[in-house]
Each structure stands twice: as structure tokens, then as C-alpha cells.
Amino acid sequence: MTLRETPNRQRRGAVCVSFADSYLGQLRALIGDRLVLMPGAERADGSILLQKRTDFGLWGLPGGNAEEGEGLETPVIREVLEETGLIVSDVEPFGFGCDPNYETFQFPNGDRAQFFALMFYTRRFEGEPAVTDDESSAVEWFSVDSLPEMLPNMARSVEAYLRFKTTGKFQMI
């Protein structure tokens with residue numbers, strides 16, 4: 001789940017789309033900074049790939065929101081590529097984050113959103129991680145034993161993934 005709504009360029013297929021032209025950008029033009037309830041997607045990997053976010057200055061998981069007409073796997077694959085340069089495949093859901101105490105944010109630009117995040121993981125990817133957009137200042141692999149300071153909802157997502165790996169049970173957080 002990407003916790004940033006500041007202007008950027010997004011890929012839709014082979015075409016770059018500005019934030020203003022995206023579904024969320026068009027919605028923001030109509031409603032301003034009112035609270036938005038948003039479904040989103042996340043992914044995690046055996047050792048955890050994190051991005052240092054430019055909006056909050058903390059680490060988080062790559063991910064983002066669906067555009068109109070997309071299913072749930074498409075934004076996972078698209079956002080990971082846009083944010084890290086990695087091509088992922090065989091994404092699998094492991095949990096759902098919906099606690100408004102953790103999933104409601106006010107962004108630096110004043111926009112507010114409450115996220116409903118279906119969380120995914122993959123063990124199949126191609127490429128080397130790199131900063132590929134203005135949403136990240138760094139992209140790195142971390143051992144689960146030495147994770148950096150993260151956004152609270154993202155840290156909960158990693159904890160849920162570790163429980164999922166141990167129990168095999170879908171996680172509701």
C-alpha cells in the first residue's frame with residue numbers, strides 16, 4: 001500500500017499517467033482532502049524488501065492502489081515494478097489490514113485516507129532492486145531480525161507475514 005498521494009507519474013500499461021489523471025487524482029479533485037476509504041495491496045518476500053519513503057521519511061513495503069478496471073494482483077505487480085524495478089510473479093495473499101487505528105493517515109499535503117489493504121507476498125522476482133521513482137529515497141533487502149524503523153501499519157504487516165509463514169493461516173490485522 002502506498003501511503004502517498006502527492007503528484008507523481010504512474011505507469012498504466014506502457015503509458016505514464018500523472019497523479020492528476022489517475023483514478024485517485026481525479027477523486028481528489030472532486031473531494032479535496034476529505035477522508036477516503038481505500039482498498040490497497042502490499043507484498044513481502046522471504047527477506048523483506050523495503051523502500052524508504054519520501055513522504056514520511058520512514059521505511060515501508062512496496063505497494064499501491066488499484067486503478068479503475070484493475071483486479072487485485074495487477075496493482076501489486078505494477079507498483080513493485082514502479083517502486084523497486086523488480087518484476088514479481090506468483091503473488092499470493094497472506095492477510096488483510098483494516099484496523100482504522102493503524103490504516104488511517106493524514107499525508108503531508110493534508111489529504112486523509114483510511115486503507116483496506118490486502119497483503120501479498122512472492123518468492124519469484126526478476127531484476128535488482130533500485131530507486132525508480134520519486135516515492136522512494138532508498139530500496140533495500142532486510143533480514144527480519146534487523147528491520148529499520150517502519151511506518152506502524154507496515155511493521156504490523158511484516159509481523160502478520162511472519163505469523164502466516166509459521167501458521168499458514170490468513171491474517172486479519
# chains A, B, ... in the order shown; residues from 1 in each chain; ligands from 1
$ select_by_dssp --residues "chain A" --states "strand (DSSP E)" --output "count of residues only"
61
$ residues_around --residues "Ala160 (chain A)" --least-positions-apart "2" --cutoff "10 Å" --atoms "only C-alpha atoms" --output "PyMOL selection string"
chain A and resi 94-97+119+154-158+162-166+169-173
$ closest_residue --among "A:Ser137, A:Glu70, A:Asn153, A:Ser143" --to "Cys98 (chain A)" --atoms "only C-alpha atoms"
A:Asn153
$ atom_distance --atom1 "CA of Gly60 (chain A)" --atom2 "CA of Glu73 (chain A)"
19.0 Å
$ select_by_dssp --residues "region 28-145 of chain A" --states "helix (DSSP H, G or I)" --output "list in words"
Arg28, Ala29, Leu30, Ile31, Glu73, Thr74, Pro75, Val76, Ile77, Arg78, Glu79, Val80, Leu81, Glu82, Glu83, Thr84, Pro100, Asn101, Tyr102 and Glu103 of chain A
$ write_last_selection --atoms "N, CA, C and O atoms" --output "PDB file, in the first residue's frame"
ATOM      1  N   ARG A  28      -9.598  13.056  -5.860  1.00  0.00           N
ATOM      2  CA  ARG A  28      -9.125  14.155  -5.011  1.00  0.00           C
ATOM      3  C   ARG A  28      -9.560  15.505  -5.568  1.00  0.00           C
ATOM      4  O   ARG A  28      -9.879  16.420  -4.801  1.00  0.00           O
ATOM      5  N   ALA A  29      -9.584  15.666  -6.884  1.00  0.00           N
ATOM      6  CA  ALA A  29     -10.014  16.924  -7.489  1.00  0.00           C
ATOM      7  C   ALA A  29     -11.473  17.232  -7.127  1.00  0.00           C
ATOM      8  O   ALA A  29     -11.861  18.397  -7.010  1.00  0.00           O
ATOM      9  N   LEU A  30     -12.266  16.200  -6.922  1.00  0.00           N
ATOM     10  CA  LEU A  30     -13.676  16.383  -6.584  1.00  0.00           C
ATOM     11  C   LEU A  30     -13.914  16.598  -5.094  1.00  0.00           C
ATOM     12  O   LEU A  30     -14.775  17.380  -4.701  1.00  0.00           O
ATOM     13  N   ILE A  31     -13.145  15.900  -4.241  1.00  0.00           N
ATOM     14  CA  ILE A  31     -13.453  15.906  -2.807  1.00  0.00           C
ATOM     15  C   ILE A  31     -12.431  16.640  -1.951  1.00  0.00           C
ATOM     16  O   ILE A  31     -12.610  16.755  -0.742  1.00  0.00           O
ATOM     17  N   GLU A  73      -4.266  -8.404  -8.183  1.00  0.00           N
ATOM     18  CA  GLU A  73      -2.873  -8.781  -8.431  1.00  0.00           C
ATOM     19  C   GLU A  73      -2.161  -7.754  -9.310  1.00  0.00           C
ATOM     20  O   GLU A  73      -0.965  -7.522  -9.145  1.00  0.00           O
ATOM     21  N   THR A  74      -2.865  -7.133 -10.218  1.00  0.00           N
ATOM     22  CA  THR A  74      -2.252  -6.176 -11.151  1.00  0.00           C
ATOM     23  C   THR A  74      -1.571  -5.015 -10.437  1.00  0.00           C
ATOM     24  O   THR A  74      -0.427  -4.690 -10.759  1.00  0.00           O
ATOM     25  N   PRO A  75      -2.227  -4.356  -9.456  1.00  0.00           N
ATOM     26  CA  PRO A  75      -1.521  -3.250  -8.804  1.00  0.00           C
ATOM     27  C   PRO A  75      -0.304  -3.707  -8.005  1.00  0.00           C
ATOM     28  O   PRO A  75       0.662  -2.956  -7.885  1.00  0.00           O
ATOM     29  N   VAL A  76      -0.323  -4.923  -7.464  1.00  0.00           N
ATOM     30  CA  VAL A  76       0.844  -5.431  -6.743  1.00  0.00           C
ATOM     31  C   VAL A  76       2.030  -5.487  -7.696  1.00  0.00           C
ATOM     32  O   VAL A  76       3.102  -4.941  -7.422  1.00  0.00           O
ATOM     33  N   ILE A  77       1.834  -6.132  -8.825  1.00  0.00           N
ATOM     34  CA  ILE A  77       2.909  -6.303  -9.810  1.00  0.00           C
ATOM     35  C   ILE A  77       3.359  -4.954 -10.350  1.00  0.00           C
ATOM     36  O   ILE A  77       4.559  -4.672 -10.440  1.00  0.00           O
ATOM     37  N   ARG A  78       2.402  -4.084 -10.695  1.00  0.00           N
ATOM     38  CA  ARG A  78       2.713  -2.763 -11.257  1.00  0.00           C
ATOM     39  C   ARG A  78       3.449  -1.890 -10.248  1.00  0.00           C
ATOM     40  O   ARG A  78       4.474  -1.284 -10.566  1.00  0.00           O
ATOM     41  N   GLU A  79       2.949  -1.826  -9.017  1.00  0.00           N
ATOM     42  CA  GLU A  79       3.560  -0.949  -8.019  1.00  0.00           C
ATOM     43  C   GLU A  79       4.958  -1.406  -7.619  1.00  0.00           C
ATOM     44  O   GLU A  79       5.847  -0.581  -7.434  1.00  0.00           O
ATOM     45  N   VAL A  80       5.160  -2.705  -7.478  1.00  0.00           N
ATOM     46  CA  VAL A  80       6.500  -3.190  -7.140  1.00  0.00           C
ATOM     47  C   VAL A  80       7.477  -2.835  -8.255  1.00  0.00           C
ATOM     48  O   VAL A  80       8.591  -2.378  -7.991  1.00  0.00           O
ATOM     49  N   LEU A  81       7.070  -2.987  -9.497  1.00  0.00           N
ATOM     50  CA  LEU A  81       7.926  -2.605 -10.624  1.00  0.00           C
ATOM     51  C   LEU A  81       8.212  -1.107 -10.590  1.00  0.00           C
ATOM     52  O   LEU A  81       9.369  -0.685 -10.708  1.00  0.00           O
ATOM     53  N   GLU A  82       7.170  -0.299 -10.418  1.00  0.00           N
ATOM     54  CA  GLU A  82       7.358   1.153 -10.406  1.00  0.00           C
ATOM     55  C   GLU A  82       8.256   1.615  -9.270  1.00  0.00           C
ATOM     56  O   GLU A  82       9.064   2.516  -9.445  1.00  0.00           O
ATOM     57  N   GLU A  83       8.121   0.999  -8.096  1.00  0.00           N
ATOM     58  CA  GLU A  83       8.825   1.488  -6.910  1.00  0.00           C
ATOM     59  C   GLU A  83      10.183   0.845  -6.682  1.00  0.00           C
ATOM     60  O   GLU A  83      11.008   1.418  -5.974  1.00  0.00           O
ATOM     61  N   THR A  84      10.419  -0.343  -7.260  1.00  0.00           N
ATOM     62  CA  THR A  84      11.679  -1.040  -6.966  1.00  0.00           C
ATOM     63  C   THR A  84      12.424  -1.522  -8.203  1.00  0.00           C
ATOM     64  O   THR A  84      13.565  -1.957  -8.095  1.00  0.00           O
ATOM     65  N   PRO A 100      -8.633   0.767  11.616  1.00  0.00           N
ATOM     66  CA  PRO A 100      -8.536   2.204  11.351  1.00  0.00           C
ATOM     67  C   PRO A 100      -7.522   2.919  12.247  1.00  0.00           C
ATOM     68  O   PRO A 100      -7.029   3.984  11.883  1.00  0.00           O
ATOM     69  N   ASN A 101      -7.185   2.330  13.394  1.00  0.00           N
ATOM     70  CA  ASN A 101      -6.163   2.945  14.256  1.00  0.00           C
ATOM     71  C   ASN A 101      -4.783   2.909  13.618  1.00  0.00           C
ATOM     72  O   ASN A 101      -3.918   3.713  13.965  1.00  0.00           O
ATOM     73  N   TYR A 102      -4.558   1.977  12.698  1.00  0.00           N
ATOM     74  CA  TYR A 102      -3.268   1.859  12.019  1.00  0.00           C
ATOM     75  C   TYR A 102      -3.354   2.237  10.541  1.00  0.00           C
ATOM     76  O   TYR A 102      -2.355   2.589   9.937  1.00  0.00           O
ATOM     77  N   GLU A 103      -4.515   2.104   9.947  1.00  0.00           N
ATOM     78  CA  GLU A 103      -4.649   2.274   8.496  1.00  0.00           C
ATOM     79  C   GLU A 103      -5.224   3.621   8.077  1.00  0.00           C
ATOM     80  O   GLU A 103      -5.571   3.805   6.917  1.00  0.00           O
TER      81      GLU A 103
END
$ closest_residue --among "A:Leu35, A:Val131, A:Val88, A:Leu61" --to "Gly110 (chain A)" --atoms "only C-alpha atoms"
A:Leu35
$ atom_distance --atom1 "CA of Trp141 (chain A)" --atom2 "CA of Arg123 (chain A)"
13.1 Å
$ residues_around --residues "Ala130 (chain A)" --least-positions-apart "2" --cutoff "7 Å" --atoms "only C-alpha atoms" --output "PyMOL selection string"
chain A and resi 84-85+128+132+139
$ residues_around --residues "Glu92 (chain A)" --least-positions-apart "6" --cutoff "7 Å" --atoms "only C-alpha atoms" --output "list in words"
Phe120, Tyr121 and Thr122 of chain A
$ atom_distance --atom1 "CA of Leu86 (chain A)" --atom2 "CA of Pro129 (chain A)"
5.8 Å
